[in-house]
$ cat model15.cif   # mmCIF, C-alpha atoms
data_start
#
loop_
_atom_site.label_atom_id
_atom_site.label_comp_id
_atom_site.auth_asym_id
_atom_site.auth_seq_id
_atom_site.Cartn_x
_atom_site.Cartn_y
_atom_site.Cartn_z
CA MET A 12 -5.75 -32.24 8.87
CA ALA A 13 -8.07 -29.43 7.84
CA PRO A 14 -8.48 -26.68 10.42
CA SER A 15 -11.82 -25.58 11.85
CA LEU A 16 -13.15 -22.14 10.97
CA TRP A 17 -12.28 -20.95 14.46
CA GLN A 18 -8.66 -22.11 14.04
CA LEU A 19 -8.48 -20.20 10.75
CA VAL A 20 -9.82 -17.07 12.47
CA GLN A 21 -7.29 -17.37 15.30
CA SER A 22 -4.33 -17.80 12.96
CA PHE A 23 -5.28 -14.97 10.63
CA LEU A 24 -6.07 -12.61 13.51
CA LEU A 25 -2.49 -13.22 14.68
CA ILE A 26 -1.14 -12.70 11.16
CA GLY A 27 -3.16 -9.48 10.81
CA LEU A 28 -1.90 -8.26 14.17
CA GLY A 29 1.73 -9.04 13.39
CA ALA A 30 1.71 -7.85 9.78
CA TYR A 31 3.64 -4.61 9.96
CA GLY A 32 5.24 -2.62 7.22
CA GLY A 33 4.07 -4.44 4.11
CA GLY A 34 3.99 -7.81 2.45
CA MET A 35 7.58 -9.00 2.64
CA VAL A 36 7.48 -8.80 6.43
CA THR A 37 4.29 -10.82 6.54
CA ILE A 38 5.52 -13.89 4.65
CA PRO A 39 7.55 -15.48 7.50
CA LEU A 40 4.62 -14.88 9.82
CA ILE A 41 2.17 -16.62 7.49
CA GLN A 42 4.63 -19.48 7.13
CA HIS A 43 4.87 -19.82 10.89
CA GLU A 44 1.10 -20.02 11.37
CA ILE A 45 0.15 -22.09 8.29
CA VAL A 46 3.11 -24.44 7.79
CA ASP A 47 5.07 -24.71 11.05
CA LYS A 48 2.23 -24.46 13.56
CA GLY A 49 -0.93 -25.50 11.74
CA HIS A 50 0.60 -28.02 9.28
CA TRP A 51 -2.24 -27.12 6.92
CA LEU A 52 0.09 -26.74 3.95
CA THR A 53 3.43 -28.33 3.10
CA PHE A 54 6.35 -26.00 2.44
CA SER A 55 6.13 -26.45 -1.33
CA GLU A 56 2.39 -25.72 -1.31
CA PHE A 57 3.18 -22.66 0.77
CA SER A 58 5.83 -21.46 -1.72
CA ARG A 59 3.30 -21.73 -4.53
CA LEU A 60 0.73 -19.85 -2.43
CA ILE A 61 3.18 -16.98 -1.88
CA ALA A 62 4.00 -16.85 -5.59
CA ILE A 63 0.28 -16.63 -6.42
CA ALA A 64 -0.34 -14.05 -3.66
CA GLN A 65 2.44 -11.87 -5.06
CA MET A 66 1.34 -12.20 -8.68
CA THR A 67 -2.33 -11.39 -8.11
CA PRO A 68 -3.58 -7.88 -7.34
CA GLY A 69 -4.03 -6.75 -3.75
CA PRO A 70 -2.13 -7.04 -0.47
CA ILE A 71 -0.20 -10.29 -0.01
CA ALA A 72 -1.68 -10.96 3.43
CA VAL A 73 -5.25 -10.61 2.11
CA ASN A 74 -4.51 -12.86 -0.88
CA ALA A 75 -2.89 -15.50 1.31
CA ALA A 76 -5.81 -15.40 3.76
CA THR A 77 -8.39 -15.84 0.99
CA PHE A 78 -6.40 -18.65 -0.62
CA VAL A 79 -5.71 -20.64 2.56
CA GLY A 80 -9.23 -20.00 3.87
CA PHE A 81 -10.79 -21.22 0.63
CA THR A 82 -8.65 -24.33 0.19
CA GLN A 83 -9.04 -25.31 3.87
CA GLY A 84 -12.61 -24.26 4.61
CA GLY A 85 -14.43 -23.45 1.37
CA LEU A 86 -16.22 -20.14 0.82
CA ALA A 87 -16.94 -19.71 4.55
CA GLY A 88 -13.25 -20.29 5.28
CA ALA A 89 -12.26 -17.68 2.69
CA VAL A 90 -14.63 -15.09 4.18
CA VAL A 91 -13.62 -15.58 7.83
CA ALA A 92 -9.87 -15.76 7.10
CA THR A 93 -9.97 -12.59 4.97
CA GLY A 94 -12.06 -10.79 7.60
CA ALA A 95 -9.72 -11.90 10.38
CA VAL A 96 -6.58 -10.65 8.65
CA VAL A 97 -7.89 -7.08 8.20
CA LEU A 98 -9.78 -6.84 11.51
CA PRO A 99 -6.95 -6.00 13.99
CA GLY A 100 -5.67 -3.05 11.95
CA LEU A 101 -9.15 -1.67 11.31
CA ALA A 102 -10.15 -2.03 14.97
CA LEU A 103 -7.05 -0.06 16.00
CA LEU A 104 -7.82 2.57 13.36
CA VAL A 105 -11.33 3.06 14.73
CA GLY A 106 -9.75 3.81 18.12
CA LEU A 107 -7.05 5.98 16.55
CA ALA A 108 -9.62 7.86 14.46
CA LEU A 109 -11.67 8.72 17.52
CA PHE A 110 -8.48 9.96 19.21
CA VAL A 111 -7.10 11.92 16.25
CA ASP A 112 -10.44 13.71 15.86
CA ARG A 113 -9.64 15.40 19.16
CA LEU A 114 -6.24 16.65 17.96
CA GLY A 115 -6.79 20.14 16.63
CA GLU A 116 -5.26 21.90 13.66
CA ASP A 117 -2.97 23.92 15.97
CA GLY A 118 0.54 25.04 15.01
CA ARG A 119 2.49 22.35 16.81
CA GLY A 120 0.22 19.71 15.31
CA ARG A 121 1.09 20.94 11.82
CA ALA A 122 4.82 20.83 12.53
CA ALA A 123 4.60 17.29 13.92
CA ARG A 124 2.44 16.21 11.00
CA TRP A 125 5.02 17.51 8.54
CA GLY A 126 7.61 15.40 10.35
CA VAL A 127 5.36 12.34 10.21
CA GLN A 128 4.75 12.84 6.49
CA LEU A 129 8.50 13.04 5.92
CA GLY A 130 8.75 9.75 7.83
CA VAL A 131 6.38 8.19 5.31
CA VAL A 132 8.63 9.46 2.51
CA SER A 133 11.56 7.73 4.30
CA LEU A 134 9.51 4.51 4.39
CA ILE A 135 8.71 4.72 0.68
CA LEU A 136 12.37 5.43 -0.13
CA TYR A 137 13.31 2.40 1.96
CA ALA A 138 10.73 0.24 0.16
CA THR A 139 12.12 1.45 -3.17
CA TRP A 140 15.63 0.47 -2.14
CA ASN A 141 14.62 -2.84 -0.57
CA PHE A 142 12.25 -3.99 -3.30
CA GLY A 143 14.45 -2.57 -6.05
CA ALA A 144 17.47 -4.51 -4.79
CA SER A 145 15.51 -7.77 -4.94
CA VAL A 146 14.21 -7.37 -8.52
CA VAL A 147 16.88 -5.26 -10.24
CA VAL A 148 19.55 -7.88 -10.86
CA ASP A 149 21.18 -6.91 -14.19
CA ARG A 150 21.39 -4.00 -16.64
CA TRP A 151 18.16 -5.05 -18.38
CA SER A 152 16.10 -4.90 -15.23
CA LEU A 153 17.81 -1.63 -14.27
CA ALA A 154 16.88 -0.19 -17.66
CA LEU A 155 13.24 -1.26 -17.31
CA ALA A 156 12.96 0.13 -13.76
CA VAL A 157 14.49 3.48 -14.81
CA LEU A 158 12.27 3.61 -17.90
CA SER A 159 9.12 2.93 -15.82
CA PHE A 160 10.16 5.70 -13.42
CA GLY A 161 10.81 8.09 -16.32
CA VAL A 162 7.43 7.43 -17.94
CA LEU A 163 5.57 7.91 -14.65
CA VAL A 164 7.39 11.21 -13.99
CA GLY A 165 7.10 12.51 -17.57
CA LYS A 166 3.45 11.52 -18.03
CA GLU A 167 2.29 12.11 -14.47
CA GLY A 168 -1.49 11.88 -14.23
CA LYS A 169 -1.80 10.96 -17.90
CA VAL A 170 -0.71 7.33 -17.83
CA HIS A 171 -2.32 4.97 -15.33
CA PRO A 172 0.40 3.21 -13.29
CA ILE A 173 -1.07 -0.20 -14.12
CA VAL A 174 -0.42 0.46 -17.83
CA VAL A 175 3.29 0.96 -17.06
CA ILE A 176 3.40 -2.24 -15.01
CA LEU A 177 1.62 -4.38 -17.59
CA THR A 178 3.87 -2.98 -20.32
CA GLY A 179 6.86 -4.04 -18.21
CA GLY A 180 5.46 -7.55 -17.91
CA ILE A 181 4.73 -7.83 -21.63
CA ALA A 182 8.17 -6.48 -22.57
CA TRP A 183 9.78 -9.00 -20.24
CA SER A 184 7.88 -11.99 -21.59
CA LEU A 185 8.81 -10.95 -25.15
CA LEU A 186 12.49 -10.42 -24.29
CA PHE A 187 13.18 -13.48 -22.13
CA MET B 13 -6.72 8.39 -21.59
CA ASN B 14 -8.08 11.86 -20.77
CA GLU B 15 -5.76 14.73 -19.96
CA LEU B 16 -5.38 15.61 -16.31
CA PRO B 17 -3.91 18.91 -15.15
CA HIS B 18 -0.63 18.91 -13.32
CA PRO B 19 -1.02 18.06 -9.60
CA ASP B 20 0.30 21.49 -8.61
CA SER B 21 -2.79 23.21 -10.04
CA THR B 22 -5.46 24.34 -7.61
CA ILE B 23 -7.69 21.61 -6.33
CA THR B 24 -11.42 22.21 -6.54
CA PRO B 25 -13.31 19.74 -4.38
CA PRO B 26 -16.31 18.22 -6.12
CA PRO B 27 -19.65 19.76 -5.13
CA GLY B 28 -21.82 17.91 -2.63
CA PRO B 29 -21.05 14.72 -0.74
CA ILE B 30 -19.14 11.96 -2.53
CA ARG B 31 -21.45 9.08 -3.39
CA LEU B 32 -20.86 5.74 -1.65
CA THR B 33 -20.95 3.89 -4.98
CA ALA B 34 -18.30 6.29 -6.34
CA ILE B 35 -16.11 5.50 -3.32
CA PHE B 36 -16.67 1.77 -3.77
CA TRP B 37 -15.74 1.81 -7.47
CA ALA B 38 -12.71 4.04 -7.01
CA PHE B 39 -11.30 1.67 -4.39
CA ALA B 40 -12.28 -1.42 -6.38
CA ARG B 41 -10.20 -0.05 -9.27
CA ILE B 42 -7.31 0.54 -6.88
CA GLY B 43 -7.66 -2.99 -5.48
CA ALA B 44 -7.85 -4.55 -8.94
CA PHE B 45 -4.97 -2.56 -10.44
CA THR B 46 -2.40 -2.89 -7.67
CA LEU B 47 0.39 -5.43 -7.80
CA GLY B 48 2.57 -5.83 -4.74
CA GLY B 49 0.23 -4.20 -2.23
CA GLY B 50 1.46 -2.03 0.61
CA LEU B 51 3.54 0.98 -0.34
CA ALA B 52 3.53 0.02 -4.03
CA MET B 53 -0.17 0.85 -4.24
CA ALA B 54 0.45 4.44 -3.08
CA THR B 55 1.08 5.43 -6.70
CA VAL B 56 -2.17 3.87 -7.97
CA MET B 57 -4.16 5.34 -5.08
CA ARG B 58 -2.68 8.79 -5.66
CA HIS B 59 -3.48 8.54 -9.36
CA GLU B 60 -7.12 7.62 -8.68
CA LEU B 61 -7.91 9.80 -5.66
CA VAL B 62 -5.62 12.83 -5.86
CA LEU B 63 -5.09 13.30 -9.59
CA LYS B 64 -8.25 11.83 -11.14
CA GLN B 65 -11.07 12.24 -8.60
CA ARG B 66 -9.44 15.15 -6.71
CA TRP B 67 -11.05 14.08 -3.48
CA LEU B 68 -7.99 15.01 -1.42
CA THR B 69 -4.56 16.67 -1.62
CA ASP B 70 -1.11 15.06 -1.57
CA GLU B 71 -0.58 16.36 1.98
CA GLU B 72 -3.81 14.81 3.25
CA PHE B 73 -2.94 11.59 1.46
CA LEU B 74 0.45 11.40 3.18
CA ALA B 75 -1.02 12.19 6.60
CA GLU B 76 -3.35 9.20 6.24
CA MET B 77 -0.55 7.05 4.89
CA ALA B 78 1.21 7.63 8.22
CA GLY B 79 -1.88 6.47 10.12
CA ALA B 80 -2.18 3.38 7.91
CA THR B 81 1.47 2.49 8.53
CA VAL B 82 1.48 2.73 12.32
CA VAL B 83 -1.29 0.18 12.84
CA PRO B 84 -0.75 -3.47 11.85
CA GLY B 85 -2.39 -5.17 8.90
CA PRO B 86 -2.33 -4.57 5.14
CA ILE B 87 -1.47 -0.89 4.51
CA ALA B 88 -3.77 -0.71 1.47
CA VAL B 89 -6.80 -1.81 3.52
CA ASN B 90 -5.96 0.51 6.43
CA LEU B 91 -5.50 3.42 4.05
CA ALA B 92 -8.81 2.67 2.32
CA PHE B 93 -10.51 2.74 5.71
CA LEU B 94 -9.06 6.14 6.65
CA GLN B 95 -9.80 7.72 3.29
CA GLY B 96 -13.29 6.26 3.02
CA ARG B 97 -14.01 7.72 6.44
CA ARG B 98 -12.70 11.14 5.36
CA PHE B 99 -14.94 11.08 2.28
CA ARG B 100 -18.20 9.79 3.78
CA GLY B 101 -17.82 8.82 7.46
CA TRP B 102 -18.12 5.23 8.68
CA MET B 103 -20.23 4.09 5.73
CA GLY B 104 -17.61 5.52 3.40
CA ALA B 105 -14.95 3.60 5.30
CA LEU B 106 -16.93 0.38 4.86
CA ALA B 107 -17.45 1.01 1.13
CA ALA B 108 -13.73 1.71 0.65
CA VAL B 109 -12.57 -1.38 2.58
CA VAL B 110 -14.98 -3.72 0.78
CA GLY B 111 -14.01 -2.11 -2.53
CA THR B 112 -10.30 -2.68 -1.86
CA VAL B 113 -10.61 -6.28 -0.70
CA LEU B 114 -13.25 -7.60 -3.10
CA PRO B 115 -11.15 -7.67 -6.32
CA SER B 116 -8.34 -9.62 -4.59
CA PHE B 117 -10.87 -11.91 -2.95
CA LEU B 118 -12.62 -12.76 -6.23
CA THR B 119 -9.31 -13.11 -8.09
CA ILE B 120 -7.97 -15.55 -5.52
CA LEU B 121 -11.19 -17.59 -5.55
CA ALA B 122 -10.97 -17.83 -9.35
CA VAL B 123 -7.29 -18.81 -9.17
CA ALA B 124 -7.90 -21.41 -6.46
CA LEU B 125 -10.75 -22.93 -8.45
CA PHE B 126 -9.34 -22.91 -11.99
CA ALA B 127 -5.89 -21.50 -12.42
CA VAL B 128 -3.33 -22.85 -9.94
CA PRO B 129 -1.34 -24.78 -12.63
CA PHE B 130 -1.30 -21.63 -14.81
CA PHE B 131 1.09 -19.99 -12.33
CA ASP B 132 3.61 -22.82 -12.74
CA ARG B 133 4.24 -21.94 -16.39
CA PRO B 134 7.64 -20.32 -17.01
CA LYS B 135 6.24 -17.63 -19.39
CA VAL B 136 3.74 -16.53 -16.75
CA ALA B 137 6.52 -16.25 -14.18
CA THR B 138 8.58 -14.15 -16.63
CA PHE B 139 5.64 -11.84 -17.23
CA PHE B 140 5.20 -11.19 -13.51
CA GLN B 141 8.95 -10.75 -13.11
CA GLY B 142 8.75 -7.88 -15.62
CA CYS B 143 5.78 -6.44 -13.74
CA ALA B 144 7.78 -6.56 -10.49
CA VAL B 145 10.67 -4.65 -12.07
CA ALA B 146 8.23 -1.98 -13.24
CA VAL B 147 6.82 -1.84 -9.68
CA ALA B 148 10.33 -0.87 -8.50
CA GLY B 149 10.14 2.10 -10.88
CA GLN B 150 6.68 2.86 -9.52
CA LEU B 151 8.01 2.94 -5.95
CA ALA B 152 10.80 5.29 -7.02
CA PHE B 153 8.14 7.50 -8.60
CA ALA B 154 6.14 7.56 -5.34
CA SER B 155 9.30 8.66 -3.46
CA TYR B 156 9.85 11.40 -6.03
CA ALA B 157 6.24 12.64 -6.17
CA PHE B 158 5.89 12.97 -2.40
CA GLY B 159 9.48 14.04 -1.72
CA ARG B 160 9.11 16.91 -4.20
CA LYS B 161 6.20 18.27 -2.16
CA LEU B 162 7.65 17.84 1.32
CA LEU B 163 11.43 18.29 1.02
CA ARG B 164 11.46 22.09 1.07
CA ASP B 165 14.57 23.08 3.00
CA TRP B 166 17.56 21.58 4.81
CA ARG B 167 15.49 20.79 7.91
CA SER B 168 13.06 18.62 6.00
CA PHE B 169 16.02 16.78 4.44
CA VAL B 170 17.42 16.19 7.92
CA VAL B 171 14.10 14.77 9.15
CA CYS B 172 13.74 12.48 6.11
CA ALA B 173 17.38 11.35 6.39
CA ALA B 174 16.84 10.55 10.07
CA GLY B 175 13.85 8.41 9.10
CA LEU B 176 16.00 6.56 6.55
CA VAL B 177 18.73 5.95 9.13
CA ALA B 178 16.11 4.66 11.56
CA ILE B 179 14.75 2.02 9.19
CA LEU B 180 17.68 1.25 6.88
CA VAL B 181 20.61 1.37 9.29
CA LEU B 182 19.12 0.83 12.74
CA HIS B 183 16.41 -1.54 11.42
CA LEU B 184 13.82 0.08 13.64
CA HIS B 185 10.19 -0.84 13.23
CA PRO B 186 8.27 1.40 10.76
CA VAL B 187 6.22 2.69 13.69
CA TRP B 188 9.36 4.00 15.40
CA THR B 189 10.51 5.59 12.17
CA ILE B 190 7.29 7.60 12.08
CA VAL B 191 7.63 8.49 15.78
CA VAL B 192 11.26 9.63 15.29
CA THR B 193 10.43 11.88 12.33
CA GLY B 194 7.29 13.22 14.03
CA VAL B 195 9.24 14.25 17.15
CA LEU B 196 12.04 15.72 15.01
CA GLY B 197 9.43 17.70 13.08
CA LEU B 198 8.06 19.04 16.35
CA LEU B 199 11.58 20.11 17.40
CA LEU B 200 12.89 21.47 14.10
CA PHE B 201 9.89 23.13 12.47
CA ARG B 202 8.37 26.27 13.92
CA PRO B 203 4.78 25.90 15.14
CA GLY B 204 2.43 26.57 12.28
CA GLU B 205 4.84 25.36 9.62
CA PRO B 206 4.41 24.49 6.85
CA ALA B 207 2.59 27.77 6.28
CA ALA B 208 -0.38 27.40 3.98
CA GLY B 209 0.44 28.66 0.51
CA ALA B 210 4.17 27.98 0.76
CA GLY B 211 4.21 25.53 -2.11
CA GLU B 212 1.19 23.84 -0.61
CA LEU B 213 -1.99 22.93 -2.39
CA GLU B 214 -5.08 25.12 -1.85
#
$ encode --input "model15.cif" --output "structure tokens"
Amino acid sequence: MAPSLWQLVQSFLLIGLGAYGGGMVTIPLIQHEIVDKGHWLTFSEFSRLIAIAQMTPGPIAVNAATFVGFTQGGLAGAVVATGAVVLPGLALLVGLALFVDRLGEDGRGRAARWGVQLGVVSLILYATWNFGASVVVDRWSLALAVLSFGVLVGKEGKVHPIVVILTGGIAWSLLF
Amino acid sequence: MNELPHPDSTITPPPGPIRLTAIFWAFARIGAFTLGGGLAMATVMRHELVLKQRWLTDEEFLAEMAGATVVPGPIAVNLAFLQGRRFRGWMGALAAVVGTVLPSFLTILAVALFAVPFFDRPKVATFFQGCAVAVAGQLAFASYAFGRKLLRDWRSFVVCAAGLVAILVLHLHPVWTIVVTGVLGLLLFRPGEPAAGAGELE
């Protein structure tokens, strides 16, 4: 049974609120709301949705929201589902922004900020490890990943990252 | 592709306020040219905003990345909000968020209308598999580019290692990782560090 617009908003507000730390974390949450709870998609339709959301540009949660919203509620469904998935984070950021504006540029603030920035580096390293382990499965994929890294380092600022990614895709479809 | 100076060269902010349309188009390019979302788009965003437009420094970029990570929701959208607001206040934030979301939105509408069977073809899947492998290299590059700037002495290595232990070994939530490294920074670094000029931009 197709959901009402309000049901779509509720589900995607929850997905937006629970979506922490990037796309991979969000997938089980989307599955819970869309397949297990809402029964709006079957599991195989859901698997295809995730494949499409990963293959198209943009955040997975946004892509999934637009896709489910559109197939279940037309253009209006797409708009409200997409809005609902980004709303919780943005609302919290408005609050956070008003608070951070009060934090001065004092010495302790700088030291803490350096620590926080290093924490982000830890998160990116973790994402590299986590994502890398899921896609680097043999020596060919290892070679392509290392080569992409090398080109980005060697030609920093000169080659747009998307060029490297598309080249990887083209090379892969020619090789396999 | 035009030559861009190395990111370590002095940043000269563009004169006058950044135009809203410029913000919108910069973020629309980021939204259109990012596969994988989240942390994978950090490299594309840095290329567009830090290296190409020079609207902000690597340090400022990372500070906002932290803010975008601690609140829920897609990191790319949160980051667009924070940076848009830095560039042109609330209207800038709106332009950046709409710019980031619109390419994905239109792509998905087009796919849902015309192209769902296209994604079932094996060659298409292989193509995107290759893209994903290259994204792993892109993530490694983001670690390198930011680590190079921030890992300056043994203390910064300790803080970063603690963050890795928090998320990789203890499986703590990303928010707690940021809290742990922030508190460690407060304890380990002297107030006022990093001193401006010590390998920093500006």
$ closest_residue --input "model15.cif" --among "B:Val171, B:Pro186, B:Leu47, B:Ala178" --to "Ala122 (chain A)" --atoms "all atoms listed in the file"
B:Val171
$ closest_residue --input "model15.cif" --among "A:Leu25, A:Thr37, A:Trp51, A:Val97" --to "Val110 (chain B)" --atoms "only C-alpha atoms"
A:Val97
$ atom_distance --input "model15.cif" --atom1 "CA of Ala157 (chain B)" --atom2 "CA of Ala107 (chain B)"
27.4 Å
$ residues_around --input "model15.cif" --residues "Ala52 (chain B)" --least-positions-apart "3" --cutoff "10 Å" --atoms "only C-alpha atoms" --output "PDB file with C-alpha atoms, in the coordinates of the input"
ATOM      1  CA  GLY A  33       4.070  -4.440   4.110  1.00  0.00           C
ATOM      2  CA  PRO A  70      -2.130  -7.040  -0.470  1.00  0.00           C
ATOM      3  CA  ILE A 135       8.710   4.720   0.680  1.00  0.00           C
ATOM      4  CA  ALA A 138      10.730   0.240   0.160  1.00  0.00           C
ATOM      5  CA  THR A 139      12.120   1.450  -3.170  1.00  0.00           C
ATOM      6  CA  PHE A 142      12.250  -3.990  -3.300  1.00  0.00           C
TER       7      PHE A 142
ATOM      8  CA  THR B  46      -2.400  -2.890  -7.670  1.00  0.00           C
ATOM      9  CA  LEU B  47       0.390  -5.430  -7.800  1.00  0.00           C
ATOM     10  CA  GLY B  48       2.570  -5.830  -4.740  1.00  0.00           C
ATOM     11  CA  GLY B  49       0.230  -4.200  -2.230  1.00  0.00           C
ATOM     12  CA  THR B  55       1.080   5.430  -6.700  1.00  0.00           C
ATOM     13  CA  VAL B  56      -2.170   3.870  -7.970  1.00  0.00           C
ATOM     14  CA  MET B  57      -4.160   5.340  -5.080  1.00  0.00           C
ATOM     15  CA  ILE B  87      -1.470  -0.890   4.510  1.00  0.00           C
ATOM     16  CA  ALA B  88      -3.770  -0.710   1.470  1.00  0.00           C
ATOM     17  CA  VAL B 147       6.820  -1.840  -9.680  1.00  0.00           C
ATOM     18  CA  ALA B 148      10.330  -0.870  -8.500  1.00  0.00           C
ATOM     19  CA  GLY B 149      10.140   2.100 -10.880  1.00  0.00           C
ATOM     20  CA  GLN B 150       6.680   2.860  -9.520  1.00  0.00           C
ATOM     21  CA  LEU B 151       8.010   2.940  -5.950  1.00  0.00           C
ATOM     22  CA  ALA B 152      10.800   5.290  -7.020  1.00  0.00           C
ATOM     23  CA  PHE B 153       8.140   7.500  -8.600  1.00  0.00           C
ATOM     24  CA  ALA B 154       6.140   7.560  -5.340  1.00  0.00           C
TER      25      ALA B 154
END
$ residues_around --input "model15.cif" --residues "Leu200 (chain B)" --least-positions-apart "3" --cutoff "9 Å" --atoms "only C-alpha atoms" --output "list in words"
Ala122 and Gly126 of chain A; Arg167, Ser168, Val171, Val195, Leu196 and Gly197 of chain B
$ atom_distance --input "model15.cif" --atom1 "CA of Arg31 (chain B)" --atom2 "CA of Val89 (chain B)"
19.5 Å
$ closest_residue --input "model15.cif" --among "A:Ser58, A:Gln83, A:Thr77, A:Gln42" --to "chain B" --atoms "only C-alpha atoms"
A:Thr77
$ closest_residue --input "model15.cif" --among "B:Trp67, B:Ser155, B:Val109, B:Arg97" --to "Leu163 (chain A)" --atoms "all atoms listed in the file"
B:Ser155
$ residues_around --input "model15.cif" --residues "Leu134 (chain A)" --least-positions-apart "2" --cutoff "10 Å" --atoms "all atoms listed in the file" --output "list in words"
Gly32, Gln128, Leu129, Gly130, Val131, Val132, Leu136, Tyr137, Ala138, Thr139 and Trp140 of chain A; Leu51, Ala78, Thr81, Ser155, Cys172, Gly175, Leu176, Ala178, Ile179, Leu180, Pro186, Thr189 and Ile190 of chain B
$ closest_residue --input "model15.cif" --among "A:Val175, A:Leu101, A:Val90, A:Leu16" --to "Val82 (chain B)" --atoms "only C-alpha atoms"
A:Leu101
$ atom_distance --input "model15.cif" --atom1 "CA of Leu155 (chain A)" --atom2 "CA of Ser116 (chain B)"
26.4 Å
$ closest_residue --input "model15.cif" --among "B:Gly104, B:Gly111, B:Gly142, B:Pro84" --to "Gly27 (chain A)" --atoms "only C-alpha atoms"
B:Pro84
$ residues_around --input "model15.cif" --residues "Ala182 (chain A)" --least-positions-apart "5" --cutoff "10 Å" --atoms "all atoms listed in the file" --output "ChimeraX atom specification"
/A:155,176-177,187 /B:138-139,142-143
$ resolve_selection --input "model15.cif" --expression "the PyMOL selection byres ((chain B and resi 71) around 10)" --output "MDAnalysis selection string"
(chainID A and resid 124:125 128) or (chainID B and resid 62 68:70 72:77 158 161:162 212:213)
